[in-house]
file entry_11.txt (compact mmCIF, C-alpha atoms (C1' of nucleotides))
# COMPACT_ATOMS: atom_id res chain seq x y z
CA MET A 276 102.57 107.88 57.51
CA PRO A 277 100.33 106.50 60.23
CA GLY A 278 100.20 108.00 63.70
CA TYR A 279 101.32 105.92 66.65
CA TRP A 280 99.47 105.57 69.94
CA LEU A 281 99.23 103.59 73.09
CA LEU A 282 95.94 102.41 74.56
CA LYS A 283 95.69 101.16 78.11
CA THR A 284 93.27 98.54 79.24
CA GLU A 285 92.65 96.56 82.37
CA PRO A 286 92.87 92.96 81.11
CA SER A 287 90.22 91.69 83.52
CA ASN A 288 87.83 94.11 81.82
CA TYR A 289 89.03 93.82 78.26
CA SER A 290 92.29 92.22 77.20
CA TYR A 291 94.23 92.02 73.96
CA HIS A 292 93.13 88.41 73.84
CA ASP A 293 89.51 89.59 73.84
CA LEU A 294 90.33 91.92 70.98
CA THR A 295 91.88 89.11 68.93
CA LYS A 296 88.77 87.06 69.58
CA ASP A 297 86.42 89.92 68.69
CA LYS A 298 88.62 90.95 65.74
CA LYS A 299 87.33 94.48 66.18
CA THR A 300 85.92 96.56 69.00
CA ILE A 301 84.77 100.04 69.91
CA TRP A 302 87.38 101.63 72.15
CA ASP A 303 85.09 103.47 74.54
CA GLY A 304 85.00 104.54 78.16
CA VAL A 305 87.63 107.26 77.83
CA SER A 306 86.59 110.32 79.82
CA ASN A 307 89.81 112.08 80.73
CA ASN A 308 90.16 115.33 78.82
CA LEU A 309 93.74 114.90 77.73
CA ALA A 310 93.09 111.31 76.71
CA LEU A 311 90.04 112.45 74.73
CA LYS A 312 92.11 115.10 73.02
CA TYR A 313 94.53 112.45 71.82
CA LEU A 314 91.64 110.20 70.78
CA ARG A 315 90.27 113.00 68.63
CA ASN A 316 93.63 113.27 66.90
CA MET A 317 93.58 109.66 65.77
CA LYS A 318 92.79 108.77 62.23
CA LYS A 319 91.89 105.68 60.33
CA GLY A 320 95.00 103.62 59.59
CA ASP A 321 96.91 104.67 62.71
CA LEU A 322 98.54 102.02 64.85
CA ALA A 323 98.38 101.57 68.61
CA PHE A 324 100.13 99.48 71.20
CA ILE A 325 97.80 97.80 73.65
CA TYR A 326 99.04 97.95 77.23
CA HIS A 327 97.68 95.87 80.10
CA THR A 328 97.44 97.68 83.44
CA GLY A 329 96.87 96.14 86.85
CA LYS A 330 98.74 92.96 87.70
CA GLU A 331 100.31 92.54 84.28
CA ARG A 332 101.81 95.90 83.32
CA ILE A 333 102.93 94.63 79.94
CA LEU A 334 102.73 95.88 76.38
CA VAL A 335 101.02 92.99 74.70
CA GLY A 336 100.08 93.76 71.15
CA VAL A 337 99.51 96.07 68.25
CA ALA A 338 96.11 97.20 67.07
CA GLU A 339 95.02 99.17 64.07
CA VAL A 340 92.67 102.12 64.29
CA VAL A 341 90.03 101.32 61.67
CA SER A 342 87.79 104.36 61.97
CA ASP A 343 88.17 108.05 62.45
CA PRO A 344 87.07 109.26 65.90
CA TYR A 345 83.32 109.64 66.31
CA PRO A 346 81.00 110.45 69.24
CA ASP A 347 80.18 107.49 71.44
CA PRO A 348 76.70 106.40 70.31
CA LYS A 349 75.98 105.32 73.89
CA GLN A 350 76.67 108.81 75.28
CA LYS A 351 74.86 112.10 74.90
CA ASP A 352 77.98 114.25 75.18
CA PRO A 353 79.54 114.67 71.70
CA LYS A 354 82.93 115.26 73.33
CA LEU A 355 83.07 111.64 74.43
CA VAL A 356 84.58 110.17 71.31
CA VAL A 357 85.52 106.61 70.49
CA VAL A 358 87.39 104.84 67.70
CA ASP A 359 87.07 101.37 66.25
CA VAL A 360 90.18 99.24 66.67
CA LYS A 361 91.16 95.90 65.24
CA ALA A 362 93.74 93.44 66.53
CA LYS A 363 96.78 93.43 64.31
CA GLN A 364 99.52 91.45 65.93
CA ALA A 365 100.38 90.15 69.38
CA LEU A 366 103.93 91.04 70.34
CA PRO A 367 106.24 88.02 70.16
CA ARG A 368 107.67 89.16 73.49
CA GLY A 369 105.61 91.43 75.74
CA ILE A 370 107.44 94.40 77.15
CA ALA A 371 107.17 94.84 80.90
CA LEU A 372 106.67 98.30 82.33
CA LYS A 373 109.75 97.89 84.51
CA ASP A 374 111.89 97.29 81.44
CA ILE A 375 110.54 100.47 79.87
CA LYS A 376 111.13 102.40 83.09
CA SER A 377 114.68 101.16 83.47
CA ASP A 378 115.55 102.17 79.91
CA ALA A 379 116.85 105.75 79.76
CA THR A 380 115.61 106.00 76.16
CA PHE A 381 112.08 106.10 77.51
CA SER A 382 112.53 108.78 80.15
CA ASP A 383 110.28 111.07 78.07
CA PHE A 384 107.71 108.40 77.33
CA LEU A 385 104.27 109.51 78.50
CA LEU A 386 103.61 106.05 79.90
CA VAL A 387 106.36 106.83 82.40
CA ARG A 388 105.76 110.56 82.75
CA LEU A 389 101.98 110.44 83.17
CA PRO A 390 101.20 107.07 84.68
CA ARG A 391 97.46 107.65 84.81
CA LEU A 392 96.93 108.69 81.21
CA SER A 393 94.97 106.05 79.32
CA VAL A 394 95.46 107.22 75.73
CA MET A 395 98.74 108.70 74.59
CA PRO A 396 100.81 109.37 71.50
CA VAL A 397 103.97 107.37 70.82
CA THR A 398 106.75 108.97 68.78
CA PRO A 399 108.02 107.10 65.70
CA SER A 400 111.39 106.49 67.39
CA GLN A 401 109.72 105.17 70.53
CA TRP A 402 107.50 103.00 68.40
CA LYS A 403 110.44 101.56 66.53
CA ARG A 404 112.44 100.89 69.65
CA LEU A 405 109.52 99.19 71.36
CA LEU A 406 108.98 96.97 68.33
CA ASN A 407 112.65 96.01 68.44
CA LEU A 408 112.42 95.16 72.13
CA ALA A 409 109.37 93.05 71.42
CA GLY A 410 111.29 90.96 68.93
C1' DG B 164 96.11 96.75 100.61
C1' DC B 165 98.35 101.16 100.43
C1' DC B 166 99.13 105.52 98.72
C1' DA B 167 100.75 109.19 95.38
C1' DA B 168 99.14 111.74 91.69
C1' DC B 169 95.72 113.60 89.50
C1' DG B 170 90.80 114.83 88.27
C1' DT B 171 86.29 116.29 89.74
C1' DT B 172 82.93 118.23 92.67
C1' DG B 173 80.68 121.58 95.33
C1' DG B 174 80.60 125.28 98.83
C1' DC B 175 81.80 129.80 99.21
C1' DG C 17 86.58 131.42 89.99
C1' DC C 18 89.05 129.39 93.95
C1' DC C 19 90.21 125.64 96.56
C1' DA C 20 89.34 121.95 100.00
C1' DA C 21 87.47 117.54 100.08
C1' DC C 22 86.73 113.59 97.93
C1' DG C 23 87.07 109.86 94.31
C1' DT C 24 89.75 107.22 90.97
C1' DT C 25 93.61 105.26 88.76
C1' DG C 26 97.29 102.39 88.67
C1' DG C 27 102.03 101.30 90.40
C1' DC C 28 104.15 99.31 94.25

call {"tool": "encode", "arguments": {"input": "entry_11.txt", "output": "structure tokens"}}
result
Amino acid sequence: MPGYWLLKTEPSNYSYHDLTKDKKTIWDGVSNNLALKYLRNMKKGDLAFIYHTGKERILVGVAEVVSDPYPDPKQKDPKLVVVDVKAKQALPRGIALKDIKSDATFSDFLLVRLPRLSVMPVTPSQWKRLLNLAG
DNA sequence: GCCAACGTTGGC
DNA sequence: GCCAACGTTGGC
């Protein structure tokens, strides 16, 4: 069974659209310790929601993790890991942050609990419910 | 544009 | 090793 994750990105820097265009990218730039810990727990074949921060605040698509975590080749510090991700599917209907926040089911969701975390796990039941909401 | 929450830095 | 000051993130 694959693990489920959520990856945040600022769309003016790198959007889900960019990922669909690139097909595949290196998910780098993560420096927060907790976020790095989660990154290190990823494995090839896991799935991740892509969330747009900033003006959009919408869950936009699903990506597949296509590598195990490895040290960022552009960094000297081996703790700074990255993974390769590939666009899988844009969500038919994006899910706005406010809809997630107003849903009591998601009161434990880390996206709500820790607003500044950029990489986080998603439980299977959260994953399923979000997919349902997305159509 | 503001500010709360959190992380990081640096003086002690 | 503590903690005040500062910087950054991201929602509002």

call {"tool": "residues_around", "arguments": {"input": "entry_11.txt", "residues": "stretch 326-329 of chain A", "least_positions_apart": "6", "cutoff": "12 Å", "atoms": "all atoms listed in the file", "output": "PyMOL selection string"}}
result
(chain A and resi 280-292+335-338+365-366+369-372+386+390-395) or (chain C and resi 25-28)

call {"tool": "interface_residues", "arguments": {"input": "entry_11.txt", "of": "chain B", "to": "chain A", "cutoff": "10 Å", "atoms": "all atoms listed in the file", "output": "list in words"}}
result
DA168, DC169 and DG170 of chain B

call {"tool": "residues_around", "arguments": {"input": "entry_11.txt", "residues": "A:Asp321", "least_positions_apart": "4", "cutoff": "9 Å", "atoms": "only C-alpha atoms (C1' of nucleotides)", "output": "VMD selection string"}}
result
chain A and resid 276 to 280 317 338 to 341

call {"tool": "closest_residue", "arguments": {"input": "entry_11.txt", "among": "A:Gln350, A:Asn316, A:Thr398, A:Ser377", "to": "A:Asp303", "atoms": "all atoms listed in the file"}}
result
A:Gln350

call {"tool": "atom_distance", "arguments": {"input": "entry_11.txt", "atom1": "atom CA of A:Thr295", "atom2": "atom CA of A:Phe381"}}
result
27.8 Å

call {"tool": "atom_distance", "arguments": {"input": "entry_11.txt", "atom1": "atom CA of A:Leu355", "atom2": "atom CA of A:Asp343"}}
result
13.5 Å

call {"tool": "atom_distance", "arguments": {"input": "entry_11.txt", "atom1": "atom CA of A:Asp374", "atom2": "atom CA of A:Lys330"}}
result
15.2 Å
